[in-house]
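**Q** Below: one structure in C-alpha cells.
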Amino acid sequence: MIANTTTYNDVWQNCLAQIREQTSEEEFVKWFEPIVPLGYDGKTLRLRLPSENCVFHIERNYISSLRPIIYQHFGSNTSLRYSVPSPEQNAAEQQRAAEVATKQMGKVVAQGDTTKIKNPFVIPGIKKLEIPSQLNPNYTFDTFIEGDCNRLVRSVGMAVALEPGKTAYNPLYIFGDSGLGKTHLAQAIGMEIKQRHPELQVLYVSMNKFQAQYTTAVINKEPNDFINFYQMVDVLIIDDIQELSGNKGSTQNAFFNIFNHLHLTGKQLILTSDKRPSELSDISERLLTRFKWGLAAELTQPDYDTKVKIIHDKARKLNAELPEEVVTYFAENINGNIREIEGALSALVANANFLGRKITITLAKEVLKMYVKISPQEISIEHIRKIVCEYLNIDEAVFDSPKRTREIAQARQIAMYLCKQHTKSPLSAIGAAIGGKNHATVLHACKAVTNLMETDKSFLQLVEEIDRMVLAK
C-alpha cells in the first residue's frame, strides 16, 4: 500500500523495477517503459499508454503477471484505467521531440507556419457532431456480476471494448431470456469504449425507438437525413433487435443500409435479442445473414454461485444485512432471472423496513410466496404429521393410538386440515394415514377446524404458526 509520504509515481517505479525482472529487456523497453502513470485515487490507477494496440497487447499477454504486482504495491482492490492520447496529442509530442532533437544537434530548422494549411477532408463551417450516447452510467463492467453463466460473453464484450470494430466479433449478437443482463452488458461495453476511446461516437438505442424515429423521419420527408445520422456513429448498440420482425417495409431497408455502411467502414455493431439469429422471423434473409457474420453469444440463467453474488451485491446496495440462511434460501428457490432475484430482495427489504419486521427466514419465505414463483417442493402427509406433533409436543405413538382426549383429537383434525390444504392426496388416504379414519371423518375435521379458526383468534394463530412451519421445512 502507498504510504502518506510516497507518491503514486514512486510506487509505479517500484512496479516497473519488478516488471523488468520478469520480462526481457526488449519487451520491457517496448511495452512498459512508455507507460506514464496519470493518477491514483486510492482505488483506480490511471495509466497512459502510447496506443490502443499497446493496451490490447498488455491486456492479452501481460495482465496476469502485471495485476499481482499492482495489487502488491497499490493494494488488492486497485483497478486499472487506461488512457490513450489522441492522434493530435501524439503528433504534438512527436513535434516537440523533433524540435528538441534538432536543437541538441545544433541544427535548428526553421519551421513554416502550418496553421493555414487546409484539410481537404474538413468541410468549412461544419464541426464534428457530438452525439449523446444514451447510455446509463450505472451499467458498467464493474457493476455486472460475473459467473459461469455469463463469463464467455463478458470476456468477448471486453475484447470488443478494447478494439471496437477490429475484432472478429462484429457484429456482437448477445441473446438470452428476458432479465438475464443483456442490456446491462451491451451498455457496459459502450461505457468501457467511451472510457478507453473518448474520440469515438457511441450510441445506444432500442429497436422500438429506432423504428419510431424512422417513422417520424418518413413523415417529415427526411429518411435520408435519418440514415446519414446513424451512419456517422462509430459504435451502434441496438437493444431488442427482434422487434424489427414483421416490419418488412422501408424500416428494414433503412437498417440494412446503416448496418452495411457501418460494417464496411470498420465500425462496431452490438445487437441484443431474446432469440437466436436462427429463431428470428419476418426479417429479411440478407439482414439475418449479416447478424451471423460476427459472434452470437448466449446469456443463460444464473447458477447458484452467481445468484449468491447477485444477492449479496443487491443487499449491499439496499444497505441490508441478510442472514446467510436467507441468502441460501433465495439462491436455492429462485430459478428465474436476475430481475426476479432483485425484485424479491427489494420486496423483502421493504417489508422489513416499512412493517418494522426483522429479516428472517420466515419473512423471506412469506415474501417469496407472494412475489416470485419458487421451486415447488412437495409436502407429504408424513411431514405434516411430524410438524403437528413437534409443535403440540405430542408423541407420534400417542398420535396414532386409539386415545381420544380433546388434545389428541384436535391435533389429528389440524393435521387432516393441513393435509387437505397442502397435499394432492385423496381424503381416504389422509384419513388412513391419520388414525385409520375414513374420508367422512376428514371432511368433518376440516369443517371443524375452519369454523374454529373463524371464531377463535388464538386457535387461528395456532394453526397459522403450524402452517408456517410446515411450509418452512
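Within each chain, counting starts at residue 1; across the C-alpha cells, chains are named A, B, ... in the order shown, with ligands numbered 1 upward in that order.
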What parts of region 114-262 of chain A does DSSP call strand (DSSP E or B)? I'd like the answer as an mmCIF file with N, CA, C and O atoms, in the first residue's frame.

**A**
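And here is the file that came out, out.cif:
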```
data_model
loop_
_atom_site.group_PDB
_atom_site.id
_atom_site.type_symbol
_atom_site.label_atom_id
_atom_site.label_comp_id
_atom_site.auth_asym_id
_atom_site.auth_seq_id
_atom_site.Cartn_x
_atom_site.Cartn_y
_atom_site.Cartn_z
ATOM 1 N N LEU A 172 -21.485 -8.138 -32.683
ATOM 2 C CA LEU A 172 -21.606 -8.965 -31.490
ATOM 3 C C LEU A 172 -23.098 -9.086 -31.196
ATOM 4 O O LEU A 172 -23.761 -8.093 -30.909
ATOM 5 N N TYR A 173 -23.615 -10.300 -31.293
ATOM 6 C CA TYR A 173 -25.036 -10.563 -31.125
ATOM 7 C C TYR A 173 -25.227 -11.282 -29.790
ATOM 8 O O TYR A 173 -24.839 -12.436 -29.626
ATOM 9 N N ILE A 174 -25.789 -10.573 -28.794
ATOM 10 C CA ILE A 174 -25.984 -11.120 -27.452
ATOM 11 C C ILE A 174 -27.437 -11.523 -27.308
ATOM 12 O O ILE A 174 -28.339 -10.698 -27.491
ATOM 13 N N PHE A 175 -27.690 -12.811 -26.981
ATOM 14 C CA PHE A 175 -29.073 -13.249 -26.854
ATOM 15 C C PHE A 175 -29.279 -14.040 -25.568
ATOM 16 O O PHE A 175 -28.330 -14.565 -24.974
ATOM 17 N N VAL A 202 -20.413 6.795 -29.596
ATOM 18 C CA VAL A 202 -21.125 5.593 -29.170
ATOM 19 C C VAL A 202 -22.600 5.941 -29.011
ATOM 20 O O VAL A 202 -22.938 6.956 -28.395
ATOM 21 N N LEU A 203 -23.480 5.106 -29.543
ATOM 22 C CA LEU A 203 -24.917 5.355 -29.438
ATOM 23 C C LEU A 203 -25.650 4.073 -29.081
ATOM 24 O O LEU A 203 -25.491 3.038 -29.731
ATOM 25 N N TYR A 204 -26.473 4.162 -28.022
ATOM 26 C CA TYR A 204 -27.351 3.057 -27.635
ATOM 27 C C TYR A 204 -28.794 3.446 -27.938
ATOM 28 O O TYR A 204 -29.234 4.556 -27.620
ATOM 29 N N VAL A 205 -29.541 2.526 -28.541
ATOM 30 C CA VAL A 205 -30.953 2.810 -28.851
ATOM 31 C C VAL A 205 -31.704 1.486 -28.910
ATOM 32 O O VAL A 205 -31.166 0.465 -29.359
ATOM 33 N N SER A 206 -32.941 1.485 -28.419
ATOM 34 C CA SER A 206 -33.779 0.294 -28.552
ATOM 35 C C SER A 206 -34.351 0.257 -29.960
ATOM 36 O O SER A 206 -34.529 1.298 -30.607
ATOM 37 N N VAL A 235 -19.872 3.347 -32.881
ATOM 38 C CA VAL A 235 -20.312 2.130 -32.192
ATOM 39 C C VAL A 235 -21.822 2.225 -32.014
ATOM 40 O O VAL A 235 -22.316 3.089 -31.291
ATOM 41 N N LEU A 236 -22.562 1.347 -32.682
ATOM 42 C CA LEU A 236 -24.023 1.363 -32.604
ATOM 43 C C LEU A 236 -24.492 0.150 -31.818
ATOM 44 O O LEU A 236 -24.195 -1.000 -32.170
ATOM 45 N N ILE A 237 -25.250 0.413 -30.733
ATOM 46 C CA ILE A 237 -25.791 -0.641 -29.880
ATOM 47 C C ILE A 237 -27.305 -0.636 -30.056
ATOM 48 O O ILE A 237 -27.973 0.351 -29.701
ATOM 49 N N ILE A 238 -27.847 -1.713 -30.601
ATOM 50 C CA ILE A 238 -29.292 -1.832 -30.809
ATOM 51 C C ILE A 238 -29.840 -2.875 -29.842
ATOM 52 O O ILE A 238 -29.455 -4.047 -29.895
ATOM 53 N N ASP A 239 -30.736 -2.457 -28.971
ATOM 54 C CA ASP A 239 -31.339 -3.355 -27.996
ATOM 55 C C ASP A 239 -32.650 -3.929 -28.548
ATOM 56 O O ASP A 239 -33.412 -3.223 -29.199
#
```

**Q** Could you build a table of the residues in region 300-401 of chain A lying no more than 9 Å from region 431-444 of chain A, giving for each the nearest pair of atoms and their separation in Å rounded to one decimal place, using only C-alpha atoms, ordered by chain and ascending residue number, as a Markdown table?

**A**
```
| residue | atom | partner | partner_atom | distance |
| --- | --- | --- | --- | --- |
| A:Ile381 | CA | A:Ala433 | CA | 7.5 |
| A:Glu382 | CA | A:Ala433 | CA | 8.1 |
| A:Arg385 | CA | A:Ile434 | CA | 7.9 |
| A:Phe399 | CA | A:Gly435 | CA | 7.7 |
| A:Asp400 | CA | A:Gly435 | CA | 5.5 |
| A:Ser401 | CA | A:Gly435 | CA | 7.3 |
```

**Q** Export, as a compact mmCIF listing (two decimals), in the first residue's frame, the selected residues with all heavy atoms.

**A**
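Output file result03.txt is given in full below:
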```
# COMPACT_ATOMS: atom_id res chain seq x y z
N ILE A 381 -47.88 -36.15 3.69
CA ILE A 381 -48.70 -36.34 4.88
C ILE A 381 -47.82 -36.60 6.09
O ILE A 381 -48.04 -36.05 7.18
CB ILE A 381 -49.69 -37.51 4.67
CG1 ILE A 381 -50.66 -37.17 3.53
CG2 ILE A 381 -50.44 -37.82 5.97
CD1 ILE A 381 -51.58 -38.33 3.17
N GLU A 382 -46.78 -37.39 5.89
CA GLU A 382 -45.86 -37.73 6.98
C GLU A 382 -45.17 -36.46 7.51
O GLU A 382 -44.99 -36.31 8.72
CB GLU A 382 -44.82 -38.74 6.49
CG GLU A 382 -43.86 -39.22 7.56
CD GLU A 382 -44.55 -39.92 8.71
OE1 GLU A 382 -45.58 -40.59 8.48
OE2 GLU A 382 -44.08 -39.77 9.85
N ARG A 385 -47.77 -34.56 9.68
CA ARG A 385 -47.93 -35.27 10.95
C ARG A 385 -46.79 -34.94 11.91
O ARG A 385 -47.00 -34.63 13.08
CB ARG A 385 -47.97 -36.78 10.73
CG ARG A 385 -49.27 -37.36 10.24
CD ARG A 385 -49.05 -38.79 9.76
NE ARG A 385 -48.17 -39.54 10.64
CZ ARG A 385 -48.59 -40.36 11.62
NH1 ARG A 385 -49.88 -40.56 11.80
NH2 ARG A 385 -47.72 -41.00 12.38
N PHE A 399 -50.10 -40.11 19.08
CA PHE A 399 -50.91 -39.53 17.99
C PHE A 399 -51.62 -40.64 17.20
O PHE A 399 -52.75 -40.49 16.76
CB PHE A 399 -50.00 -38.71 17.07
CG PHE A 399 -50.70 -37.98 15.98
CD1 PHE A 399 -51.30 -36.74 16.21
CD2 PHE A 399 -50.77 -38.52 14.70
CE1 PHE A 399 -51.93 -36.05 15.19
CE2 PHE A 399 -51.40 -37.84 13.67
CZ PHE A 399 -51.99 -36.60 13.92
N ASP A 400 -50.94 -41.80 17.05
CA ASP A 400 -51.51 -42.90 16.28
C ASP A 400 -52.32 -43.88 17.13
O ASP A 400 -52.93 -44.82 16.59
CB ASP A 400 -50.38 -43.69 15.59
CG ASP A 400 -49.75 -42.89 14.45
OD1 ASP A 400 -50.47 -42.11 13.81
OD2 ASP A 400 -48.53 -43.03 14.22
N SER A 401 -52.33 -43.66 18.42
CA SER A 401 -53.02 -44.61 19.31
C SER A 401 -54.54 -44.38 19.29
O SER A 401 -55.01 -43.35 18.80
CB SER A 401 -52.48 -44.44 20.74
OG SER A 401 -52.95 -43.21 21.28
```

**Q** Excluding region 275-287 of chain A and any residue of its chain fewer than 2 positions from it, enumerate the residues within 7 Å of it, using only C-alpha atoms, and give them as a list in words.

**A**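 Neighbouring residues, sequence-local ones excluded: Phe175, Gly176, Gln242, Leu244, Ser245, Gly246, Lys248, Phe256, Ser273, Thr289, Arg290, Phe291 and Lys292 of chain A.
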
**Q** Neighbouring residues of Gln413 (chain A) were defined as those with any atom within 7 Å, considering only C-alpha atoms; residues of the same chain fewer than 2 positions away were excluded. Please report them as a ChimeraX atom specification.

**A** /A:409-411,415-417,445-446,449

**Q** Go ahead and dump the residues you just picked, all heavy atoms, as a PDB file, in the first residue's frame.

**A**
```
ATOM      1  N   ALA A 409     -57.378 -35.407  19.745  1.00  0.00           N
ATOM      2  CA  ALA A 409     -58.381 -35.316  18.668  1.00  0.00           C
ATOM      3  C   ALA A 409     -58.196 -34.031  17.866  1.00  0.00           C
ATOM      4  O   ALA A 409     -58.284 -34.030  16.627  1.00  0.00           O
ATOM      5  CB  ALA A 409     -59.781 -35.383  19.264  1.00  0.00           C
ATOM      6  N   GLN A 410     -57.942 -32.933  18.593  1.00  0.00           N
ATOM      7  CA  GLN A 410     -57.763 -31.654  17.886  1.00  0.00           C
ATOM      8  C   GLN A 410     -56.476 -31.650  17.061  1.00  0.00           C
ATOM      9  O   GLN A 410     -56.431 -31.103  15.957  1.00  0.00           O
ATOM     10  CB  GLN A 410     -57.743 -30.506  18.895  1.00  0.00           C
ATOM     11  CG  GLN A 410     -57.842 -29.136  18.230  1.00  0.00           C
ATOM     12  CD  GLN A 410     -58.011 -28.031  19.249  1.00  0.00           C
ATOM     13  OE1 GLN A 410     -57.048 -27.624  19.897  1.00  0.00           O
ATOM     14  NE2 GLN A 410     -59.251 -27.544  19.392  1.00  0.00           N
ATOM     15  N   ALA A 411     -55.436 -32.279  17.562  1.00  0.00           N
ATOM     16  CA  ALA A 411     -54.183 -32.370  16.810  1.00  0.00           C
ATOM     17  C   ALA A 411     -54.397 -33.134  15.508  1.00  0.00           C
ATOM     18  O   ALA A 411     -53.896 -32.750  14.441  1.00  0.00           O
ATOM     19  CB  ALA A 411     -53.107 -33.046  17.653  1.00  0.00           C
ATOM     20  N   ALA A 415     -54.035 -31.749  11.643  1.00  0.00           N
ATOM     21  CA  ALA A 415     -53.193 -32.446  10.669  1.00  0.00           C
ATOM     22  C   ALA A 415     -53.995 -32.775   9.408  1.00  0.00           C
ATOM     23  O   ALA A 415     -53.502 -32.617   8.274  1.00  0.00           O
ATOM     24  CB  ALA A 415     -52.612 -33.712  11.289  1.00  0.00           C
ATOM     25  N   MET A 416     -55.237 -33.230   9.581  1.00  0.00           N
ATOM     26  CA  MET A 416     -56.080 -33.535   8.422  1.00  0.00           C
ATOM     27  C   MET A 416     -56.356 -32.280   7.598  1.00  0.00           C
ATOM     28  O   MET A 416     -56.323 -32.311   6.357  1.00  0.00           O
ATOM     29  CB  MET A 416     -57.406 -34.166   8.897  1.00  0.00           C
ATOM     30  CG  MET A 416     -57.260 -35.559   9.486  1.00  0.00           C
ATOM     31  SD  MET A 416     -58.851 -36.197  10.105  1.00  0.00           S
ATOM     32  CE  MET A 416     -58.352 -37.784  10.778  1.00  0.00           C
ATOM     33  N   TYR A 417     -56.652 -31.191   8.291  1.00  0.00           N
ATOM     34  CA  TYR A 417     -56.934 -29.917   7.606  1.00  0.00           C
ATOM     35  C   TYR A 417     -55.722 -29.473   6.769  1.00  0.00           C
ATOM     36  O   TYR A 417     -55.863 -29.103   5.594  1.00  0.00           O
ATOM     37  CB  TYR A 417     -57.280 -28.855   8.650  1.00  0.00           C
ATOM     38  CG  TYR A 417     -57.321 -27.443   8.100  1.00  0.00           C
ATOM     39  CD1 TYR A 417     -58.436 -26.965   7.431  1.00  0.00           C
ATOM     40  CD2 TYR A 417     -56.222 -26.593   8.273  1.00  0.00           C
ATOM     41  CE1 TYR A 417     -58.462 -25.669   6.928  1.00  0.00           C
ATOM     42  CE2 TYR A 417     -56.240 -25.313   7.777  1.00  0.00           C
ATOM     43  CZ  TYR A 417     -57.360 -24.850   7.105  1.00  0.00           C
ATOM     44  OH  TYR A 417     -57.382 -23.559   6.593  1.00  0.00           O
ATOM     45  N   ALA A 445     -63.405 -33.097  10.063  1.00  0.00           N
ATOM     46  CA  ALA A 445     -62.271 -32.439  10.722  1.00  0.00           C
ATOM     47  C   ALA A 445     -61.950 -31.106  10.056  1.00  0.00           C
ATOM     48  O   ALA A 445     -61.709 -30.100  10.745  1.00  0.00           O
ATOM     49  CB  ALA A 445     -61.043 -33.358  10.690  1.00  0.00           C
ATOM     50  N   CYS A 446     -61.933 -31.073   8.740  1.00  0.00           N
ATOM     51  CA  CYS A 446     -61.612 -29.829   8.015  1.00  0.00           C
ATOM     52  C   CYS A 446     -62.651 -28.751   8.311  1.00  0.00           C
ATOM     53  O   CYS A 446     -62.305 -27.570   8.495  1.00  0.00           O
ATOM     54  CB  CYS A 446     -61.551 -30.102   6.515  1.00  0.00           C
ATOM     55  SG  CYS A 446     -60.164 -31.152   6.027  1.00  0.00           S
ATOM     56  N   VAL A 449     -62.165 -27.464  11.972  1.00  0.00           N
ATOM     57  CA  VAL A 449     -61.012 -26.564  12.086  1.00  0.00           C
ATOM     58  C   VAL A 449     -61.327 -25.210  11.463  1.00  0.00           C
ATOM     59  O   VAL A 449     -61.012 -24.154  12.034  1.00  0.00           O
ATOM     60  CB  VAL A 449     -59.771 -27.202  11.430  1.00  0.00           C
ATOM     61  CG1 VAL A 449     -58.636 -26.180  11.332  1.00  0.00           C
ATOM     62  CG2 VAL A 449     -59.315 -28.421  12.217  1.00  0.00           C
TER      63      VAL A 449
END
```

**Q** Just list the residues in region 273-450 of chain A DSSP gives helix (DSSP H, G or I) on the backbone, as an NGL selection string.

**A** :A and (277-279 or 285-291 or 304-317 or 324-333 or 338-355 or 361-371 or 381-392 or 396-399 or 406-422 or 427-433 or 439-450)

**Q** Find the residues near region 296-298 of chain A: any atom within 12 Å, counting only C-alpha atoms, skip ones fewer than 6 places away on the same chain, and give them as an MDAnalysis selection string.

**A** chainID A and resid 148:157 168:178 180:182 185:186 270:278 288 290

**Q** Show which residues sit within 9 Å of Thr360 (chain A), as a list of chain:residue names. Count only C-alpha atoms, and ignore same-chain residues fewer than 2 positions away.

**A** A:Leu322, A:Pro323, A:Glu325, A:Val326, A:Arg357, A:Lys358, A:Thr362, A:Leu363, A:Ala364, A:Lys365

**Q** For a test of reading the model, state the distance in Å between CA of Pro37 (chain A) and CA of Leu162 (chain A), rounded to one decimal.

**A**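 Rounded to one decimal, the two atoms are 19.3 Å apart.
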
**Q** Record the distance separating CA of Ala188 (chain A) and CA of Phe226 (chain A), expressed in Å with one decimal.

**A**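 CA of Phe226 (chain A) lies 25.9 Å from CA of Ala188 (chain A).
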
**Q** For a quick check of understanding, using only C-alpha atoms, which of A:Met469, A:Leu418, A:Ile63, A:Ala320 has the smallest distance to Ile387 (chain A)?

**A**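 Looking only at the distances to Ile387 (chain A), the closest residue turns out to be A:Met469.
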
**Q** Out of A:Pro164, A:Thr78, A:Phe141, A:Asn220, which residue has the shortest atom-to-atom distance to Asn53 (chain A) when counting only C-alpha atoms?

**A**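 Smallest separation from Asn53 (chain A) among the options: A:Pro164.
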
**Q** Counting only C-alpha atoms, which residue out of A:Phe32, A:Tyr8, A:Tyr71, A:Tyr82 sits closest to Glu52 (chain A)?

**A**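 Residue with the minimum atom-to-atom distance to Glu52 (chain A): A:Tyr82.
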
**Q** Compare A:Val367, A:Leu269, A:Leu471, A:Ala448 by their minimum atom-to-atom distance to Ile341 (chain A), counting only C-alpha atoms, and give me the closest one.

**A**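 The answer is A:Val367, which sits nearest to Ile341 (chain A).
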
**Q** Check the smallest atom-to-atom distance from each of A:Glu464, A:Asp395, A:Glu163, A:Glu454 to Phe56 (chain A) using only C-alpha atoms, then report the winner.

**A**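 Among the listed residues, A:Glu163 lies closest to Phe56 (chain A).
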
**Q** When you count only C-alpha atoms, which of these residues is closest to Ile69 (chain A): A:Leu16, A:Pro34, A:Lys317, A:Val55?

**A**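 Smallest separation from Ile69 (chain A) among the options: A:Leu16.
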
**Q** To one decimal in Å, tell me the separation between CA of Gln187 (chain A) and CA of Gln268 (chain A).

**A** 13.3 Å
